[in-house]
Amino acid sequence: MLDYGLFTFADKDEVLEKSSAYWNPGKTQFWIDSGVPLVIDRREGYFLYDVSGKRLIDVHLNGGTYNLGHRNPEVVAALKQAMDHFDIGNHHFPSLARTALAEALIETGPEGLSKVIYASGGGEAIDIALKTARHATGKRKIVSIVKAYHGHTGLAVGTGDERFSRLFLSERPEEFVHVPFNDLAGMEEALRGRDVAAVIMETIPATYGFPLPAPGYLESVKRLCETYDALYIADEVQTGLMRTGELWGITKHGIRPDILVTGKGISGGLYPIAAVLVSERCAGWLTEDGFAHMATFGGGELGCFAAMKTLEICNRPETRSIVHHASDVIGRGLERIRDDNPGWFTGIRQNGLIFGLEFDHPEGAKFVMRQLYDNGVWAIFSTLDPRVLQYKPGILIDPVLTEELLDRTAVAIARAAKEAGK
Amino acid sequence: MTSGMLERARWAARAFARYDKASVDRIVAAVARAGADNATRYAEWAVRETGFGVAEHKALKNVACSTGLVEEYAGHDYVSPRTDPAQKIVSIPRPAGVVFALTPSTNPVATVYFKILLALMTRNAIVISPHPMAKECCADAARTLAAAAAEAGAPDGVIQVIEEPKLPLIESMMADPRVDVIVATGGTPVVRAAYRSGNPALGVGPGNVPVFVDRTADLESAARLIVDSKAFDNSILCTNESVLIAEDAVADRLVSLMRGAHLLSPADRDRVREAVFPGGRFDTRFVGKDATWIAQQAGVRVPPGTRVLLAPIDRPMPEEPLAHEKLCPVLALLRVPSARAGIDAARAVLRISGAGHSAAIHSTDSRTIMEYGAAVPVLRVSVNSGNSLGGSGVHTNLPISMTIGTGYVGGSSAGENLQPGNLVNWTKLAYHVDAPFGDFAGLDPWSPPDGPVPRYPEPSNARTAPASPAAPAPQADVLREEIRRLILEELASLVRS
Ligand SMILES: Cc1ncc(COP(=O)(O)O)c(C=O)c1O
């Protein structure tokens, strides 16, 4: 009996059955077929527990949503305290929490950004960024990379893979230009006409398996943007919040974006919120028509509390130090595992605690994901490049858990090799 | 509640536990140097911030607890494995990990230096929790040493300090499973809290030091040493003498030889008692204040140059406030008819408080000295030495220490002066008695770091070639000589007498 007070299920089978019936049959079946029949029950720190009681070390963390761990006690406390006084708030009015968070984001953000616009999720924040760029430049075209993923809302979906737009008759190739990643000539070609409002870039494209920008690539893209009068939008939804060992991955490249988008982790994993940081040049519409983008839940005040606490924790020198230590140790540990699995585990893409693990099989990461699941670790393959496993250990991970994680990873990778016939 | 300090410390400890001896020596030497270079600055700062003690004396302690400590342990090795072919045992050091160190207001910076160096010698990470009254000088000192450690190649985060020590925070950190050992110096409540926490703890209790002078003592020397010790840092060391017990036959002469000590008349004694122990309870305003100031507060006139107030008492009982611990230069004086009575009086003083801590004796009669040591429930007795610097190992060959183990009799698991060995365990590789022993010559499981620890997280496709290994340490004995020379110079310049 699974009894949660408000609702009960007889067992996991009943959950899966009803999940198919009332929610999403495609997704429900996909995970059953993938050998990951996970229904998350308890969650705590970097652990997830299936309703069967099976424990998993979470290194998917929902793309960084749980960077600080599931139900981080400090964020929980901040939110509980806020609930004694606040609610979502009224999005039409100036607000205490929204103002305080905006100031904190600008103070700790890359230089040159001066105003914050809120959303209730990453996709909406991307839409805001794109609308803002169009307003600021008076141009319509948006350039993104092939296999980009910036969310599935109205405009964001246009920047991504056609798999997700064609189904909904939403592809708009004349407005959304896709160029190959790490291809500067292609980028220049797309910008040459000076009719592009913005280039939107993830600092490391997550859903594509974290291919690393070639040294100098992003810097050159930024320069091309300046040359051809396009804005640079940094999507830091997954790469931000200390993941790379600095608060924002983009600053490691010395780039000052015109617009920066944060989501996922900024919620503390507890209350949905996302934010767009814009330069003064881009902020014009906020004066011209402050009601031009509206969303009831955008910048909900409880979310602002979760975000402020999260931002404060991410910014601590201790957190930065932990990320540096952990990325050093996990990087070296994965290198050893790679050396033990030649011809199978072929590459490690690393920037701080962002890892893309490459396997020499078109669906290699799915084998590894399944084996990791069997061995108590939850990591997800890259939807847009299933050779690559996304591997994102928590930014407050400790040495003991790190060692356990590496041990489990080594076993799973070796077993997956056999399964994949390597 | 936790700010990530303990997690950071765990990472630092993990990395540090793999460092080799040469790297550790280099870090320890650099940190000690930074401590000694700033000894006077922090001594003055500590006096300014706490209002306790004498800057010049604190500077001396700061030197003793930095370069002095390193000199003292120069021949010790808490890093390399030890091989004992006769016993067929190899011992491999295993650092505690994360040391949580509480430091007192009375010896703030010296204790910070002391605990940091002990931790570094044994490859531990340390989090300092300073007494709130001394938090600024302690935090600054810890940061200075942390910077020196980092500069010398220590792992990031190996030394941290709580900038705003608050009781709930400290209690939650003490109980945190990420702490491997608590080293608590402070009042009894702090020590008890450390033991209650559930974590291994080295807590040390308070002192209340009896000093006995018998008829065989070298009175000139005893008089001078007792006054100097009592006046040292205005009696702020927990090893300072509290009750002087003098055998009748020599008491008058002893007192007359105690230059700088002013014998209070019974009326003045009552005034001082009332001021220092209003309502029978010690007023902490007097901690570490000088004798003339105390006299002034009590409305007692003393000659210029008075360094110690000598207060005659007639019974070493709890109801006599002056027989309790006094961290200020007020010394109770009790006359006894015989050595036997002197020993009994010392035991009575320690029943009030200070069991397990320290005592002193001035005597040339080995039998009396032995009897005193056997009968008085303390774990160190300074003989013919002032106890402030005797019990703490500066003027005796005890281990130099700001943390005095009071043992089981004093409610502590530590019975010795805290020393580096307390912060490391040893894994023993023990062969079957009949099996041939292995050849471990030249084997060392540890190595120098191959660059900064941790390395900066460059993206993997932009990583620069691995940095060359850190520069080799200077030859050990060259280093030792250098340290010896420096400390002698410093001590010479500090101790002008
Ligand atoms: C890089 C990036 N941008 C934007 C989004 C969209 O965020 P959300 O799912 O909150 O709409 C995602 C989500 O996966 C993402 O990974």
# chains A, B, ... in the order shown; residues from 1 in each chain; ligands from 1
call {"tool": "residues_near_ligand", "arguments": {"ligand": "ligand 1", "cutoff": "7 Å", "atoms": "only C-alpha atoms and all ligand atoms", "output": "mmCIF file with N, CA and C atoms, in the first residue's frame"}}
result
data_model
loop_
_atom_site.group_PDB
_atom_site.id
_atom_site.type_symbol
_atom_site.label_atom_id
_atom_site.label_comp_id
_atom_site.auth_asym_id
_atom_site.auth_seq_id
_atom_site.Cartn_x
_atom_site.Cartn_y
_atom_site.Cartn_z
ATOM 1 N N GLY A 63 18.803 18.093 -14.603
ATOM 2 C CA GLY A 63 19.516 19.158 -15.298
ATOM 3 C C GLY A 63 20.050 20.233 -14.373
ATOM 4 N N GLY A 121 9.202 29.287 -15.515
ATOM 5 C CA GLY A 121 9.993 28.141 -15.940
ATOM 6 C C GLY A 121 11.019 28.591 -16.973
ATOM 7 N N GLY A 122 11.932 27.668 -17.302
ATOM 8 C CA GLY A 122 13.012 28.014 -18.224
ATOM 9 C C GLY A 122 12.507 28.381 -19.613
ATOM 10 N N GLY A 123 11.539 27.600 -20.112
ATOM 11 C CA GLY A 123 11.044 27.865 -21.459
ATOM 12 C C GLY A 123 10.466 29.260 -21.574
ATOM 13 N N GLU A 124 9.651 29.618 -20.625
ATOM 14 C CA GLU A 124 9.058 30.960 -20.658
ATOM 15 C C GLU A 124 10.152 32.022 -20.578
ATOM 16 N N ILE A 126 13.155 31.753 -21.698
ATOM 17 C CA ILE A 126 13.774 31.834 -23.030
ATOM 18 C C ILE A 126 12.887 32.658 -23.970
ATOM 19 N N TYR A 149 18.728 22.902 -27.309
ATOM 20 C CA TYR A 149 17.520 22.680 -26.511
ATOM 21 C C TYR A 149 17.387 23.841 -25.546
ATOM 22 N N HIS A 150 16.351 24.634 -25.766
ATOM 23 C CA HIS A 150 16.143 25.771 -24.866
ATOM 24 C C HIS A 150 14.739 25.753 -24.273
ATOM 25 N N GLY A 151 14.048 24.629 -24.403
ATOM 26 C CA GLY A 151 12.710 24.544 -23.832
ATOM 27 C C GLY A 151 11.666 24.395 -24.914
ATOM 28 N N HIS A 152 10.412 24.182 -24.476
ATOM 29 C CA HIS A 152 9.378 23.805 -25.425
ATOM 30 C C HIS A 152 8.216 24.779 -25.493
ATOM 31 N N GLU A 202 23.632 27.882 -25.374
ATOM 32 C CA GLU A 202 23.953 27.325 -24.066
ATOM 33 C C GLU A 202 25.469 27.337 -23.962
ATOM 34 N N PRO A 205 26.087 22.857 -24.507
ATOM 35 C CA PRO A 205 24.747 22.359 -24.837
ATOM 36 C C PRO A 205 24.420 21.039 -24.130
ATOM 37 N N ALA A 206 23.543 21.118 -23.145
ATOM 38 C CA ALA A 206 23.306 19.998 -22.245
ATOM 39 C C ALA A 206 22.646 18.811 -22.931
ATOM 40 N N THR A 207 21.493 19.066 -23.520
ATOM 41 C CA THR A 207 20.684 17.963 -24.035
ATOM 42 C C THR A 207 21.352 17.312 -25.251
ATOM 43 N N ASP A 235 22.243 31.009 -22.444
ATOM 44 C CA ASP A 235 21.325 30.139 -21.711
ATOM 45 C C ASP A 235 22.148 29.416 -20.652
ATOM 46 N N GLU A 236 22.006 29.856 -19.433
ATOM 47 C CA GLU A 236 22.773 29.279 -18.313
ATOM 48 C C GLU A 236 21.862 28.454 -17.404
ATOM 49 N N VAL A 237 20.774 27.955 -17.994
ATOM 50 C CA VAL A 237 19.818 27.174 -17.204
ATOM 51 C C VAL A 237 20.509 25.949 -16.592
ATOM 52 N N GLN A 238 21.383 25.306 -17.360
ATOM 53 C CA GLN A 238 22.052 24.114 -16.829
ATOM 54 C C GLN A 238 23.499 24.377 -16.414
ATOM 55 N N GLY A 263 17.322 29.169 -14.809
ATOM 56 C CA GLY A 263 16.098 28.447 -14.458
ATOM 57 C C GLY A 263 16.477 27.258 -13.596
ATOM 58 N N LYS A 264 15.748 26.182 -13.717
ATOM 59 C CA LYS A 264 16.026 24.927 -13.015
ATOM 60 C C LYS A 264 16.559 25.127 -11.597
#
call {"tool": "residues_around", "arguments": {"residues": "Lys141 in chain A", "least_positions_apart": "5", "cutoff": "7 Å", "atoms": "only C-alpha atoms", "output": "PyMOL selection string"}}
result
chain A and resi 175-176+195-197
call {"tool": "residues_around", "arguments": {"residues": "Glu162 in chain A", "least_positions_apart": "6", "cutoff": "12 Å", "atoms": "only C-alpha atoms", "output": "PyMOL selection string"}}
result
chain A and resi 146-149+152+156+168-173+176-178+384
call {"tool": "closest_atom_pairs", "arguments": {"of": "chain B", "to": "chain A", "cutoff": "8 Å", "atoms": "only C-alpha atoms", "output": "Markdown table"}}
result
| residue | atom | partner | partner_atom | distance |
| --- | --- | --- | --- | --- |
| B:Met1 | CA | A:Glu74 | CA | 6.9 |
| B:Ser3 | CA | A:Glu318 | CA | 7.5 |
| B:Gly4 | CA | A:Glu318 | CA | 5.4 |
| B:Met5 | CA | A:Glu318 | CA | 5.9 |
| B:Glu7 | CA | A:Asp398 | CA | 6.2 |
| B:Arg8 | CA | A:Ile322 | CA | 5.4 |
| B:Arg10 | CA | A:Pro399 | CA | 6.9 |
| B:Trp11 | CA | A:Pro399 | CA | 6.1 |
| B:Ala12 | CA | A:His325 | CA | 7.9 |
| B:Arg14 | CA | A:Pro399 | CA | 7.2 |
| B:Asp156 | CA | A:Ser321 | CA | 7.0 |
| B:Gly157 | CA | A:Ser321 | CA | 7.3 |
| B:Val453 | CA | A:His325 | CA | 7.3 |
| B:Pro454 | CA | A:His325 | CA | 5.0 |
| B:Arg455 | CA | A:Asp328 | CA | 6.3 |
| B:Tyr456 | CA | A:His324 | CA | 6.4 |
| B:Pro457 | CA | A:Gly352 | CA | 5.0 |
| B:Glu458 | CA | A:Asn351 | CA | 6.3 |
| B:Pro459 | CA | A:Asn351 | CA | 4.2 |
| B:Ser460 | CA | A:Gln350 | CA | 5.1 |
| B:Asn461 | CA | A:Leu212 | CA | 7.2 |
| B:Ala462 | CA | A:Pro215 | CA | 6.2 |
call {"tool": "select_by_dssp", "arguments": {"residues": "range 366-413 of chain B", "states": "alpha helix (DSSP H)", "output": "list in words"}}
result
Ser366, Arg367, Thr368, Ile369, Met370, Glu371, Tyr372, Gly373, Ala374, Ala375, Ser388, Leu389, Gly390 and Gly391 of chain B
call {"tool": "residues_around", "arguments": {"residues": "Val302 in chain B", "least_positions_apart": "6", "cutoff": "12 Å", "atoms": "only C-alpha atoms", "output": "ChimeraX atom specification"}}
result
/B:260-265,268-269,272,291-296,308-310
call {"tool": "residues_around", "arguments": {"residues": "Asp344 in chain B", "least_positions_apart": "5", "cutoff": "12 Å", "atoms": "only C-alpha atoms", "output": "list in words"}}
result
Pro210, Phe212, Ile245, Arg315, Pro316, Met317, Leu334, Val336, Pro337, Ser338, Ala339, Val349, Leu350, Arg351, Glu371, Tyr372, Gly373, Ala374, Ala375, Val376 and Pro377 of chain B
call {"tool": "write_last_selection", "arguments": {"atoms": "C-alpha atoms", "output": "PDB file, in the first residue's frame"}}
result
ATOM      1  CA  PRO B 210      48.352  24.927  44.085  1.00  0.00           C
ATOM      2  CA  PHE B 212      53.778  24.340  47.550  1.00  0.00           C
ATOM      3  CA  ILE B 245      51.019  27.048  50.162  1.00  0.00           C
ATOM      4  CA  ARG B 315      41.429  27.624  54.953  1.00  0.00           C
ATOM      5  CA  PRO B 316      41.522  26.006  51.501  1.00  0.00           C
ATOM      6  CA  MET B 317      37.782  25.429  51.415  1.00  0.00           C
ATOM      7  CA  LEU B 334      48.110  29.722  52.934  1.00  0.00           C
ATOM      8  CA  VAL B 336      50.894  25.169  56.767  1.00  0.00           C
ATOM      9  CA  PRO B 337      52.864  23.640  59.635  1.00  0.00           C
ATOM     10  CA  SER B 338      54.421  20.742  57.705  1.00  0.00           C
ATOM     11  CA  ALA B 339      54.973  19.118  54.348  1.00  0.00           C
ATOM     12  CA  VAL B 349      42.475  23.229  46.636  1.00  0.00           C
ATOM     13  CA  LEU B 350      41.989  20.732  43.802  1.00  0.00           C
ATOM     14  CA  ARG B 351      38.756  19.450  45.300  1.00  0.00           C
ATOM     15  CA  GLU B 371      54.927  12.271  47.766  1.00  0.00           C
ATOM     16  CA  TYR B 372      53.417  15.488  46.470  1.00  0.00           C
ATOM     17  CA  GLY B 373      53.273  14.088  42.938  1.00  0.00           C
ATOM     18  CA  ALA B 374      51.716  10.836  44.137  1.00  0.00           C
ATOM     19  CA  ALA B 375      49.130  12.440  46.376  1.00  0.00           C
ATOM     20  CA  VAL B 376      47.992  15.506  44.485  1.00  0.00           C
ATOM     21  CA  PRO B 377      45.431  14.591  41.763  1.00  0.00           C
TER      22      PRO B 377
END
call {"tool": "residues_around", "arguments": {"residues": "Thr239 in chain A", "least_positions_apart": "4", "cutoff": "7 Å", "atoms": "only C-alpha atoms", "output": "ChimeraX atom specification"}}
result
/A:203-204,243-244,248-249
call {"tool": "write_last_selection", "arguments": {"atoms": "all heavy atoms", "output": "tab-separated table (two decimals), in the first residue's frame"}}
result
chain	number	residue	atom	x	y	z
A	203	THR	N	25.99	27.64	-22.81
A	203	THR	CA	27.45	27.71	-22.70
A	203	THR	C	28.06	26.33	-22.97
A	203	THR	O	29.13	26.23	-23.57
A	203	THR	CB	27.83	28.25	-21.31
A	203	THR	OG1	27.17	29.51	-21.15
A	203	THR	CG2	29.32	28.45	-21.18
A	204	ILE	N	27.36	25.29	-22.56
A	204	ILE	CA	27.68	23.93	-22.99
A	204	ILE	C	26.33	23.25	-23.27
A	204	ILE	O	25.52	23.13	-22.35
A	204	ILE	CB	28.41	23.12	-21.90
A	204	ILE	CG1	29.59	23.92	-21.34
A	204	ILE	CG2	28.87	21.78	-22.45
A	204	ILE	CD1	30.17	23.30	-20.07
A	243	ARG	N	28.01	25.36	-11.26
A	243	ARG	CA	28.28	24.06	-11.88
A	243	ARG	C	29.70	23.95	-12.44
A	243	ARG	O	30.34	22.92	-12.35
A	243	ARG	CB	27.33	23.87	-13.07
A	243	ARG	CG	26.10	23.13	-12.77
A	243	ARG	CD	26.33	21.65	-12.81
A	243	ARG	NE	25.50	21.05	-11.78
A	243	ARG	CZ	25.79	19.88	-11.21
A	243	ARG	NH1	26.84	19.20	-11.59
A	243	ARG	NH2	25.02	19.42	-10.27
A	244	THR	N	30.16	25.03	-13.05
A	244	THR	CA	31.46	24.98	-13.73
A	244	THR	C	32.58	25.44	-12.80
A	244	THR	O	33.72	25.55	-13.23
A	244	THR	CB	31.48	25.87	-14.97
A	244	THR	OG1	31.29	27.23	-14.53
A	244	THR	CG2	30.38	25.49	-15.94
A	248	TRP	N	28.55	31.66	-13.04
A	248	TRP	CA	27.99	31.54	-14.39
A	248	TRP	C	29.08	31.02	-15.31
A	248	TRP	O	30.16	31.60	-15.38
A	248	TRP	CB	27.43	32.88	-14.88
A	248	TRP	CG	26.41	33.45	-13.93
A	248	TRP	CD1	26.55	34.56	-13.15
A	248	TRP	CD2	25.11	32.93	-13.65
A	248	TRP	NE1	25.42	34.75	-12.39
A	248	TRP	CE2	24.51	33.76	-12.68
A	248	TRP	CE3	24.38	31.83	-14.12
A	248	TRP	CZ2	23.22	33.54	-12.17
A	248	TRP	CZ3	23.11	31.61	-13.60
A	248	TRP	CH2	22.54	32.45	-12.65
A	249	GLY	N	28.78	29.95	-16.03
A	249	GLY	CA	29.78	29.34	-16.92
A	249	GLY	C	30.32	30.34	-17.93
A	249	GLY	O	31.49	30.32	-18.28
call {"tool": "residues_around", "arguments": {"residues": "Glu219 in chain A", "least_positions_apart": "3", "cutoff": "12 Å", "atoms": "only C-alpha atoms", "output": "CSV table (one decimal) with all heavy atoms, in the first residue's frame"}}
result
chain,number,residue,atom,x,y,z
A,182,ASN,N,30.2,24.7,-33.0
A,182,ASN,CA,31.6,24.8,-33.2
A,182,ASN,C,32.0,25.1,-34.6
A,182,ASN,O,33.1,24.9,-35.0
A,182,ASN,CB,32.3,23.5,-32.7
A,182,ASN,CG,32.7,23.6,-31.3
A,182,ASN,OD1,32.9,24.6,-30.7
A,182,ASN,ND2,32.9,22.4,-30.6
A,184,LEU,N,32.4,28.2,-36.9
A,184,LEU,CA,32.4,29.6,-37.0
A,184,LEU,C,32.0,30.2,-38.3
A,184,LEU,O,31.3,31.2,-38.4
A,184,LEU,CB,33.7,30.2,-36.5
A,184,LEU,CG,34.0,30.2,-35.0
A,184,LEU,CD1,35.4,30.6,-34.7
A,184,LEU,CD2,33.0,31.2,-34.4
A,201,MET,N,22.7,30.7,-27.1
A,201,MET,CA,23.7,29.7,-26.9
A,201,MET,C,23.7,29.2,-25.5
A,201,MET,O,23.7,30.0,-24.6
A,201,MET,CB,25.1,30.3,-27.1
A,201,MET,CG,25.7,30.4,-28.4
A,201,MET,SD,26.3,28.7,-28.8
A,201,MET,CE,26.8,29.1,-30.5
A,203,THR,N,26.0,27.6,-22.8
A,203,THR,CA,27.5,27.7,-22.7
A,203,THR,C,28.1,26.3,-23.0
A,203,THR,O,29.1,26.2,-23.6
A,203,THR,CB,27.8,28.3,-21.3
A,203,THR,OG1,27.2,29.5,-21.1
A,203,THR,CG2,29.3,28.4,-21.2
A,213,PRO,N,32.4,23.7,-26.2
A,213,PRO,CA,32.8,24.6,-27.2
A,213,PRO,C,34.3,24.6,-27.4
A,213,PRO,O,35.1,24.5,-26.4
A,213,PRO,CB,32.4,26.0,-26.6
A,213,PRO,CG,32.2,25.7,-25.1
A,213,PRO,CD,31.9,24.3,-25.0
A,214,ALA,N,34.8,24.5,-28.7
A,214,ALA,CA,36.2,24.5,-28.9
A,214,ALA,C,36.8,25.8,-28.3
A,214,ALA,O,36.1,26.8,-28.2
A,214,ALA,CB,36.4,24.5,-30.4
A,215,PRO,N,38.0,25.7,-27.8
A,215,PRO,CA,38.6,26.9,-27.2
A,215,PRO,C,38.5,28.1,-28.2
A,215,PRO,O,38.9,28.0,-29.3
A,215,PRO,CB,40.1,26.5,-27.0
A,215,PRO,CG,40.0,25.0,-26.8
A,215,PRO,CD,38.9,24.5,-27.7
A,216,GLY,N,37.9,29.2,-27.7
A,216,GLY,CA,37.8,30.4,-28.5
A,216,GLY,C,36.5,30.5,-29.2
A,216,GLY,O,36.2,31.6,-29.8
A,222,LYS,N,30.7,35.6,-29.9
A,222,LYS,CA,30.3,36.9,-29.3
A,222,LYS,C,30.8,38.1,-30.2
A,222,LYS,O,30.1,39.0,-30.4
A,222,LYS,CB,30.9,37.0,-27.9
A,222,LYS,CG,30.7,38.3,-27.2
A,222,LYS,CD,29.2,38.6,-26.9
A,222,LYS,CE,28.9,39.7,-25.9
A,222,LYS,NZ,29.0,41.0,-26.4
A,223,ARG,N,32.1,37.9,-30.7
A,223,ARG,CA,32.6,38.9,-31.5
A,223,ARG,C,31.8,39.1,-32.8
A,223,ARG,O,31.5,40.2,-33.3
A,223,ARG,CB,34.1,38.6,-31.8
A,223,ARG,CG,35.0,39.8,-31.5
A,223,ARG,CD,36.5,39.4,-31.6
A,223,ARG,NE,36.9,38.5,-30.5
A,223,ARG,CZ,37.4,37.3,-30.7
A,223,ARG,NH1,37.7,36.8,-31.9
A,223,ARG,NH2,37.8,36.6,-29.6
A,224,LEU,N,31.4,37.9,-33.4
A,224,LEU,CA,30.6,38.0,-34.6
A,224,LEU,C,29.3,38.7,-34.3
A,224,LEU,O,28.8,39.5,-35.2
A,224,LEU,CB,30.3,36.6,-35.1
A,224,LEU,CG,31.5,35.9,-35.8
A,224,LEU,CD1,31.2,34.4,-36.1
A,224,LEU,CD2,32.0,36.6,-37.0
A,225,CYS,N,28.7,38.5,-33.2
A,225,CYS,CA,27.5,39.2,-32.8
A,225,CYS,C,27.7,40.7,-32.8
A,225,CYS,O,26.8,41.4,-33.3
A,225,CYS,CB,27.0,38.7,-31.4
A,225,CYS,SG,26.3,37.1,-31.3
A,226,GLU,N,28.8,41.1,-32.3
A,226,GLU,CA,29.1,42.5,-32.2
A,226,GLU,C,29.3,43.1,-33.6
A,226,GLU,O,28.7,44.1,-34.0
A,226,GLU,CB,30.3,42.8,-31.3
A,226,GLU,CG,30.0,42.7,-29.8
A,226,GLU,CD,31.2,42.4,-29.0
A,226,GLU,OE1,32.4,42.6,-29.4
A,226,GLU,OE2,31.0,42.1,-27.8
A,232,TYR,N,23.8,38.6,-27.9
A,232,TYR,CA,24.2,37.3,-27.5
A,232,TYR,C,23.4,36.9,-26.2
A,232,TYR,O,23.5,37.6,-25.2
A,232,TYR,CB,25.7,37.3,-27.1
A,232,TYR,CG,26.3,36.0,-26.8
A,232,TYR,CD1,27.1,35.3,-27.7
A,232,TYR,CD2,26.1,35.4,-25.5
A,232,TYR,CE1,27.6,34.0,-27.3
A,232,TYR,CE2,26.6,34.2,-25.2
A,232,TYR,CZ,27.4,33.5,-26.1
A,232,TYR,OH,27.9,32.2,-25.8
A,234,ALA,N,22.9,34.2,-23.4
A,234,ALA,CA,23.6,33.0,-22.7
A,234,ALA,C,22.5,32.3,-22.0
A,234,ALA,O,21.9,32.8,-21.1
A,234,ALA,CB,24.7,33.5,-21.8
A,250,ILE,N,29.5,31.3,-18.4
A,250,ILE,CA,29.9,32.2,-19.4
A,250,ILE,C,31.0,33.1,-19.0
A,250,ILE,O,31.8,33.5,-19.8
A,250,ILE,CB,28.6,33.0,-19.9
A,250,ILE,CG1,28.9,33.7,-21.3
A,250,ILE,CG2,28.1,34.0,-18.9
A,250,ILE,CD1,29.0,32.7,-22.4
A,251,THR,N,31.1,33.4,-17.7
A,251,THR,CA,32.1,34.3,-17.3
A,251,THR,C,33.5,33.6,-17.4
A,251,THR,O,34.5,34.3,-17.4
A,251,THR,CB,31.9,34.9,-15.9
A,251,THR,OG1,31.8,33.7,-15.0
A,251,THR,CG2,30.6,35.6,-15.8
A,252,LYS,N,33.5,32.3,-17.4
A,252,LYS,CA,34.8,31.6,-17.5
A,252,LYS,C,35.4,31.9,-18.9
A,252,LYS,O,36.6,31.7,-19.1
A,252,LYS,CB,34.7,30.1,-17.4
A,252,LYS,CG,34.6,29.7,-15.9
A,252,LYS,CD,34.4,28.2,-15.8
A,252,LYS,CE,35.6,27.4,-15.7
A,252,LYS,NZ,35.4,25.9,-15.3
A,253,HIS,N,34.5,32.3,-19.8
A,253,HIS,CA,35.0,32.7,-21.2
A,253,HIS,C,35.2,34.1,-21.3
A,253,HIS,O,35.5,34.6,-22.4
A,253,HIS,CB,34.0,32.2,-22.2
A,253,HIS,CG,33.8,30.7,-22.3
A,253,HIS,ND1,34.5,29.9,-23.1
A,253,HIS,CD2,33.0,29.9,-21.6
A,253,HIS,CE1,34.2,28.6,-22.9
A,253,HIS,NE2,33.2,28.6,-22.0
A,254,GLY,N,35.1,34.9,-20.3
A,254,GLY,CA,35.3,36.3,-20.3
A,254,GLY,C,34.2,37.0,-21.2
A,254,GLY,O,34.5,38.1,-21.7
A,255,ILE,N,33.1,36.4,-21.4
A,255,ILE,CA,32.0,37.0,-22.2
A,255,ILE,C,31.0,37.7,-21.3
A,255,ILE,O,30.6,37.2,-20.3
A,255,ILE,CB,31.3,35.9,-23.0
A,255,ILE,CG1,32.3,35.3,-24.1
A,255,ILE,CG2,30.1,36.4,-23.7
A,255,ILE,CD1,31.8,34.1,-24.8
A,256,ARG,N,30.7,38.9,-21.8
A,256,ARG,CA,29.6,39.6,-21.2
A,256,ARG,C,28.4,39.5,-22.1
A,256,ARG,O,28.3,40.2,-23.1
A,256,ARG,CB,29.9,41.1,-21.1
A,256,ARG,CG,31.0,41.5,-20.1
A,256,ARG,CD,30.9,42.9,-20.0
A,256,ARG,NE,32.0,43.6,-19.4
A,256,ARG,CZ,32.0,44.9,-19.3
A,256,ARG,NH1,31.0,45.6,-19.8
A,256,ARG,NH2,33.1,45.5,-18.8
A,257,PRO,N,27.4,38.6,-21.7
A,257,PRO,CA,26.3,38.4,-22.6
A,257,PRO,C,25.4,39.7,-22.5
A,257,PRO,O,25.4,40.4,-21.5
A,257,PRO,CB,25.6,37.2,-22.0
A,257,PRO,CG,26.0,37.2,-20.6
A,257,PRO,CD,27.4,37.8,-20.5
call {"tool": "closest_residue", "arguments": {"among": "A:Gly347, A:Gly89, A:Gly69, A:Pro94", "to": "Phe297 in chain A", "atoms": "only C-alpha atoms"}}
result
A:Gly89
call {"tool": "closest_residue", "arguments": {"among": "A:Glu358, A:Arg42, A:Ile413, A:Pro25", "to": "Tyr4 in chain A", "atoms": "only C-alpha atoms"}}
result
A:Arg42
call {"tool": "atom_distance", "arguments": {"atom1": "CA of Ile162 in chain B", "atom2": "CA of Val99 in chain B"}}
result
13.1 Å
